[in-house]
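*Asks:* One structure, pasted below without further comment.
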Amino acid sequence: MTKLSVNINKIATLRNSRGGNNPDLVKVALDCERFGAQGITVHPRPDERHIRYQDVYDLKAVIATEFNIEGNCKEDKFVDLVLANKPAQVTLVPDAEGQITSNHGWDTIKHKDYLKEMVAVFQNEGIRVSIFVDPLVEMVEGAVETGTDRIELYTEAYAHNYYADREKAIVSYIAAAHHANTLGLGINAGHDLDLHNLHYFAQSIPGLLEVSIGHALISDALYLGLETTVQKYLQQLA
């Protein structure tokens, strides 16, 4: 079964809007675990507009499931944060400073040498590495040459085109996944996956190990409650 990692960035955004500790980010993470999530994801950014760097330390001290830290390894502060906390996984995302949300994967061909160097930095500390990529066979091939353990398929295009033609929307993802499997790369996925499009994606992608879902899951929880929502997402992956 594909694992569900809950991205709790939006919980931090809500907390930060009032300056206190409500909702309690750590409690939410522990509750997600208690409700069945197999991982917790955070994506700290330099301006700390949602996840604060201290949050990472606080979470690392208590969560029992897989901890996944996403971010741009070109930020020295991010690299230092990951190395200090040694999560199960680091996901390398090529975000620009001030970017609202991730909107593209790495060009693993153009940046192969740089990524190879950074992958080694994290792997040498026992941290599994995943590289955020668009669903292109050539980007998968470039990723394997960096020595990364996994790739994370950027699924915004799939989600955007799902209702128009879901079979067409997923073609490039299936091709990329097959190629990754052939090359021995693990496969994660994330971005705009939700209760409507997740099941079809998970059933169609061979070897899908993990999905990271935040915005849609937290939004659904406003109506359904967090426990019910986590359970519904797990059902889509069953």
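As shown in the structure tokens, the chain order sets the letters A, B, ...; within each chain, residues go from 1, and ligands are also counted from 1 in the order they appear.
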Can you pull out every residue from stretch 29-212 of chain A that DSSP, working from the backbone, puts in strand (DSSP E), and format the result as a PyMOL selection string?
*Replies:* chain A and resi 39-42+66-71+89-92+128-133+150-154+186-190+208-212
*Asks:* For the residues selected in the previous step, produce a file with N, CA and C atoms as a compact mmCIF listing (two decimals), in the first residue's frame.
*Replies:*
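Output saved as part.txt:
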```txt
# COMPACT_ATOMS: atom_id res chain seq x y z
N GLY A 39 3.32 9.17 7.76
CA GLY A 39 4.41 10.13 7.70
C GLY A 39 3.92 11.55 7.90
N ILE A 40 4.85 12.43 8.25
CA ILE A 40 4.59 13.86 8.39
C ILE A 40 5.58 14.60 7.50
N THR A 41 5.07 15.52 6.70
CA THR A 41 5.90 16.33 5.80
C THR A 41 5.83 17.80 6.21
N VAL A 42 6.97 18.47 6.15
CA VAL A 42 7.02 19.92 6.33
C VAL A 42 7.89 20.51 5.22
N GLU A 66 7.45 8.34 9.63
CA GLU A 66 8.48 8.89 8.75
C GLU A 66 8.40 10.42 8.71
N PHE A 67 9.52 11.07 8.92
CA PHE A 67 9.60 12.52 8.86
C PHE A 67 10.25 12.91 7.54
N ASN A 68 9.55 13.74 6.76
CA ASN A 68 10.01 14.17 5.45
C ASN A 68 10.12 15.69 5.45
N ILE A 69 11.32 16.20 5.20
CA ILE A 69 11.52 17.65 5.13
C ILE A 69 11.77 18.03 3.67
N GLU A 70 10.93 18.90 3.14
CA GLU A 70 11.08 19.38 1.77
C GLU A 70 11.71 20.76 1.77
N GLY A 71 12.42 21.08 0.69
CA GLY A 71 12.95 22.42 0.57
C GLY A 71 14.04 22.53 -0.47
N GLN A 89 13.72 11.25 5.47
CA GLN A 89 13.81 11.63 4.06
C GLN A 89 13.90 13.14 3.91
N VAL A 90 14.71 13.57 2.95
CA VAL A 90 14.70 14.96 2.52
C VAL A 90 14.29 14.97 1.06
N THR A 91 13.37 15.88 0.73
CA THR A 91 12.91 16.03 -0.65
C THR A 91 13.42 17.36 -1.18
N LEU A 92 14.22 17.30 -2.22
CA LEU A 92 14.85 18.49 -2.78
C LEU A 92 13.93 19.13 -3.82
N ARG A 128 17.59 9.47 3.53
CA ARG A 128 17.12 9.12 2.19
C ARG A 128 16.78 10.38 1.42
N VAL A 129 17.12 10.40 0.14
CA VAL A 129 16.93 11.59 -0.68
C VAL A 129 15.91 11.33 -1.80
N SER A 130 15.00 12.28 -1.96
CA SER A 130 14.05 12.26 -3.06
C SER A 130 14.16 13.59 -3.81
N ILE A 131 14.16 13.53 -5.13
CA ILE A 131 14.26 14.74 -5.95
C ILE A 131 12.93 15.01 -6.66
N PHE A 132 12.43 16.21 -6.52
CA PHE A 132 11.17 16.64 -7.10
C PHE A 132 11.35 16.82 -8.61
N VAL A 133 10.58 16.09 -9.42
CA VAL A 133 10.76 16.15 -10.87
C VAL A 133 9.42 16.20 -11.59
N ARG A 150 15.12 8.28 -4.47
CA ARG A 150 13.76 8.36 -5.00
C ARG A 150 13.59 9.63 -5.82
N ILE A 151 12.49 9.66 -6.54
CA ILE A 151 12.00 10.89 -7.15
C ILE A 151 10.61 11.16 -6.60
N GLU A 152 10.21 12.42 -6.58
CA GLU A 152 8.82 12.77 -6.29
C GLU A 152 8.22 13.38 -7.55
N LEU A 153 7.23 12.71 -8.10
CA LEU A 153 6.57 13.21 -9.30
C LEU A 153 5.68 14.40 -8.94
N TYR A 154 5.88 15.51 -9.64
CA TYR A 154 5.11 16.73 -9.44
C TYR A 154 3.76 16.57 -10.14
N GLY A 186 13.01 4.70 -6.37
CA GLY A 186 11.73 4.71 -5.68
C GLY A 186 10.90 5.89 -6.16
N ILE A 187 9.57 5.77 -6.02
CA ILE A 187 8.67 6.81 -6.55
C ILE A 187 7.76 7.34 -5.45
N ASN A 188 7.81 8.66 -5.25
CA ASN A 188 6.86 9.40 -4.43
C ASN A 188 6.08 10.32 -5.36
N ALA A 189 5.05 10.96 -4.84
CA ALA A 189 4.29 11.91 -5.66
C ALA A 189 3.61 12.92 -4.76
N GLY A 190 3.35 14.10 -5.33
CA GLY A 190 2.64 15.10 -4.56
C GLY A 190 2.39 16.38 -5.31
N LEU A 208 4.32 3.03 -6.75
CA LEU A 208 4.17 4.28 -6.00
C LEU A 208 4.32 4.00 -4.50
N LEU A 209 5.33 4.57 -3.88
CA LEU A 209 5.66 4.28 -2.48
C LEU A 209 4.98 5.24 -1.50
N GLU A 210 4.84 6.50 -1.90
CA GLU A 210 4.39 7.50 -0.92
C GLU A 210 3.80 8.70 -1.63
N VAL A 211 2.74 9.26 -1.05
CA VAL A 211 2.21 10.54 -1.51
C VAL A 211 2.26 11.52 -0.35
N SER A 212 2.56 12.75 -0.65
CA SER A 212 2.58 13.83 0.34
C SER A 212 1.44 14.78 0.00
```
*Asks:* As a PyMOL selection string, please: the residues near stretch 16-28 of chain A (cut-off 10 Å, only C-alpha atoms, same-chain neighbours under 6 positions excluded).
*Replies:* chain A and resi 8-10+34+48-52+55-56+58-63+226
*Asks:* Looking at only C-alpha atoms, which of A:Asn197, A:Thr65, A:Ser172, A:Gln54 is the one that sits closest to A:Phe35?
*Replies:*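 Using only C-alpha atoms, A:Phe35 sits closest to A:Thr65.
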*Asks:* List the neighbours of A:Tyr200 out to 10 Å using only C-alpha atoms; skip same-chain residues closer than 6 positions along the sequence, and give me the result as a list in words.
*Replies:*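 The neighbour list is Tyr162, Arg166, Glu167, Ile170, Gln236 and Leu237 of chain A.
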*Asks:* If you keep N, CA and C atoms, can you produce a file of those selected residues as a JSON list (two decimals), in the first residue's frame?
*Replies:*
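Contents of result.json, freshly written:
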```json
[["chain", "number", "residue", "atom", "x", "y", "z"],
["A", 162, "TYR", "N", -7.27, 16.37, -14.77],
["A", 162, "TYR", "CA", -7.96, 15.13, -14.39],
["A", 162, "TYR", "C", -9.40, 15.08, -14.91],
["A", 166, "ARG", "N", -8.85, 12.07, -17.68],
["A", 166, "ARG", "CA", -7.91, 11.54, -16.70],
["A", 166, "ARG", "C", -6.94, 10.53, -17.32],
["A", 167, "GLU", "N", -7.38, 9.80, -18.33],
["A", 167, "GLU", "CA", -6.48, 8.84, -18.96],
["A", 167, "GLU", "C", -5.34, 9.55, -19.68],
["A", 170, "ILE", "N", -2.71, 11.20, -17.18],
["A", 170, "ILE", "CA", -1.79, 10.36, -16.41],
["A", 170, "ILE", "C", -0.76, 9.64, -17.28],
["A", 236, "GLN", "N", -8.44, 5.86, -0.09],
["A", 236, "GLN", "CA", -8.16, 6.06, -1.51],
["A", 236, "GLN", "C", -6.88, 5.36, -1.94],
["A", 237, "LEU", "N", -6.00, 5.11, -0.98],
["A", 237, "LEU", "CA", -4.71, 4.47, -1.29],
["A", 237, "LEU", "C", -4.76, 2.96, -1.11]]
```
*Asks:* Calculate how many Å separate atom CA of A:Asn72 from atom CA of A:Val93, rounding to one decimal.
*Replies:* 5.0 Å
*Asks:* Hey, what's within 12 Å of A:Phe122 if we count only C-alpha atoms and toss same-chain stuff fewer than 5 positions away? As a ChimeraX atom specification, please?
*Replies:* /A:69,73,78-92,115-117,127-130,147-149
*Asks:* Quick one: write out the picked residues with N, CA and C atoms as a PDB file, in the first residue's frame?
*Replies:*
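And here's selection_8.pdb as it stands now:
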```
ATOM      1  N   ILE A  69      11.316  16.203   5.201  1.00  0.00           N
ATOM      2  CA  ILE A  69      11.518  17.645   5.126  1.00  0.00           C
ATOM      3  C   ILE A  69      11.771  18.029   3.675  1.00  0.00           C
ATOM      4  N   CYS A  73      17.690  22.966  -1.503  1.00  0.00           N
ATOM      5  CA  CYS A  73      19.018  22.727  -0.943  1.00  0.00           C
ATOM      6  C   CYS A  73      20.027  23.811  -1.327  1.00  0.00           C
ATOM      7  N   PHE A  78      18.662  25.795   5.066  1.00  0.00           N
ATOM      8  CA  PHE A  78      17.857  24.586   4.924  1.00  0.00           C
ATOM      9  C   PHE A  78      18.729  23.347   5.055  1.00  0.00           C
ATOM     10  N   VAL A  79      19.855  23.340   4.401  1.00  0.00           N
ATOM     11  CA  VAL A  79      20.767  22.191   4.472  1.00  0.00           C
ATOM     12  C   VAL A  79      21.185  21.946   5.913  1.00  0.00           C
ATOM     13  N   ASP A  80      21.548  23.017   6.615  1.00  0.00           N
ATOM     14  CA  ASP A  80      21.962  22.888   8.010  1.00  0.00           C
ATOM     15  C   ASP A  80      20.826  22.336   8.872  1.00  0.00           C
ATOM     16  N   LEU A  81      19.607  22.779   8.596  1.00  0.00           N
ATOM     17  CA  LEU A  81      18.438  22.323   9.353  1.00  0.00           C
ATOM     18  C   LEU A  81      18.228  20.815   9.175  1.00  0.00           C
ATOM     19  N   VAL A  82      18.323  20.361   7.935  1.00  0.00           N
ATOM     20  CA  VAL A  82      18.124  18.935   7.649  1.00  0.00           C
ATOM     21  C   VAL A  82      19.213  18.095   8.301  1.00  0.00           C
ATOM     22  N   LEU A  83      20.444  18.530   8.177  1.00  0.00           N
ATOM     23  CA  LEU A  83      21.553  17.759   8.743  1.00  0.00           C
ATOM     24  C   LEU A  83      21.487  17.718  10.263  1.00  0.00           C
ATOM     25  N   ALA A  84      20.973  18.769  10.870  1.00  0.00           N
ATOM     26  CA  ALA A  84      20.864  18.802  12.324  1.00  0.00           C
ATOM     27  C   ALA A  84      19.767  17.882  12.837  1.00  0.00           C
ATOM     28  N   ASN A  85      18.736  17.649  12.018  1.00  0.00           N
ATOM     29  CA  ASN A  85      17.585  16.870  12.469  1.00  0.00           C
ATOM     30  C   ASN A  85      17.548  15.438  11.938  1.00  0.00           C
ATOM     31  N   LYS A  86      18.267  15.208  10.842  1.00  0.00           N
ATOM     32  CA  LYS A  86      18.363  13.862  10.266  1.00  0.00           C
ATOM     33  C   LYS A  86      17.000  13.180  10.138  1.00  0.00           C
ATOM     34  N   PRO A  87      16.124  13.713   9.294  1.00  0.00           N
ATOM     35  CA  PRO A  87      14.837  13.065   9.062  1.00  0.00           C
ATOM     36  C   PRO A  87      15.025  11.764   8.283  1.00  0.00           C
ATOM     37  N   ALA A  88      13.967  10.985   8.180  1.00  0.00           N
ATOM     38  CA  ALA A  88      14.037   9.770   7.369  1.00  0.00           C
ATOM     39  C   ALA A  88      14.299  10.133   5.912  1.00  0.00           C
ATOM     40  N   GLN A  89      13.716  11.255   5.473  1.00  0.00           N
ATOM     41  CA  GLN A  89      13.815  11.632   4.064  1.00  0.00           C
ATOM     42  C   GLN A  89      13.900  13.139   3.909  1.00  0.00           C
ATOM     43  N   VAL A  90      14.710  13.571   2.952  1.00  0.00           N
ATOM     44  CA  VAL A  90      14.705  14.957   2.523  1.00  0.00           C
ATOM     45  C   VAL A  90      14.290  14.971   1.059  1.00  0.00           C
ATOM     46  N   THR A  91      13.367  15.879   0.732  1.00  0.00           N
ATOM     47  CA  THR A  91      12.908  16.029  -0.646  1.00  0.00           C
ATOM     48  C   THR A  91      13.416  17.361  -1.181  1.00  0.00           C
ATOM     49  N   LEU A  92      14.221  17.299  -2.221  1.00  0.00           N
ATOM     50  CA  LEU A  92      14.845  18.491  -2.780  1.00  0.00           C
ATOM     51  C   LEU A  92      13.935  19.127  -3.815  1.00  0.00           C
ATOM     52  N   LEU A 115      23.250  18.433  -8.095  1.00  0.00           N
ATOM     53  CA  LEU A 115      22.373  17.528  -7.359  1.00  0.00           C
ATOM     54  C   LEU A 115      23.130  16.295  -6.861  1.00  0.00           C
ATOM     55  N   LYS A 116      24.041  15.803  -7.668  1.00  0.00           N
ATOM     56  CA  LYS A 116      24.846  14.656  -7.251  1.00  0.00           C
ATOM     57  C   LYS A 116      25.619  14.984  -5.981  1.00  0.00           C
ATOM     58  N   GLU A 117      26.173  16.187  -5.939  1.00  0.00           N
ATOM     59  CA  GLU A 117      26.926  16.626  -4.763  1.00  0.00           C
ATOM     60  C   GLU A 117      26.027  16.712  -3.534  1.00  0.00           C
ATOM     61  N   ILE A 127      20.411   9.927   5.482  1.00  0.00           N
ATOM     62  CA  ILE A 127      19.108  10.484   5.115  1.00  0.00           C
ATOM     63  C   ILE A 127      18.748  10.058   3.688  1.00  0.00           C
ATOM     64  N   ARG A 128      17.589   9.472   3.533  1.00  0.00           N
ATOM     65  CA  ARG A 128      17.118   9.116   2.194  1.00  0.00           C
ATOM     66  C   ARG A 128      16.780  10.381   1.418  1.00  0.00           C
ATOM     67  N   VAL A 129      17.117  10.396   0.140  1.00  0.00           N
ATOM     68  CA  VAL A 129      16.927  11.591  -0.683  1.00  0.00           C
ATOM     69  C   VAL A 129      15.911  11.330  -1.797  1.00  0.00           C
ATOM     70  N   SER A 130      15.003  12.281  -1.958  1.00  0.00           N
ATOM     71  CA  SER A 130      14.048  12.261  -3.062  1.00  0.00           C
ATOM     72  C   SER A 130      14.164  13.589  -3.813  1.00  0.00           C
ATOM     73  N   GLY A 147      22.373   9.782  -8.184  1.00  0.00           N
ATOM     74  CA  GLY A 147      22.511   8.862  -7.061  1.00  0.00           C
ATOM     75  C   GLY A 147      21.366   8.937  -6.070  1.00  0.00           C
ATOM     76  N   THR A 148      20.312   9.691  -6.383  1.00  0.00           N
ATOM     77  CA  THR A 148      19.184   9.829  -5.467  1.00  0.00           C
ATOM     78  C   THR A 148      18.506   8.482  -5.225  1.00  0.00           C
ATOM     79  N   ASP A 149      17.862   8.376  -4.085  1.00  0.00           N
ATOM     80  CA  ASP A 149      17.135   7.156  -3.742  1.00  0.00           C
ATOM     81  C   ASP A 149      15.763   7.109  -4.418  1.00  0.00           C
TER      82      ASP A 149
END
```
*Asks:* List the spatial neighbours of A:Ala176 as a list in words - criterion: any atom at most 10 Å away, only C-alpha atoms, same-chain residues fewer than 5 positions off excluded.
*Replies:*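 Counting only C-alpha atoms, the residues come to Val133, Asp134, Pro135, Leu136, Val137, Glu138, Met139, Val140, Glu141, Leu153, Val171, Asn181, Thr182, Ile187, Ile205 and Pro206 of chain A.
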*Asks:* Using only C-alpha atoms for the distances, tell me which of A:Ala120, A:His196, A:Ala177, A:Val6 is nearest to A:Tyr163.
*Replies:*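 Nearest to A:Tyr163: A:His196.
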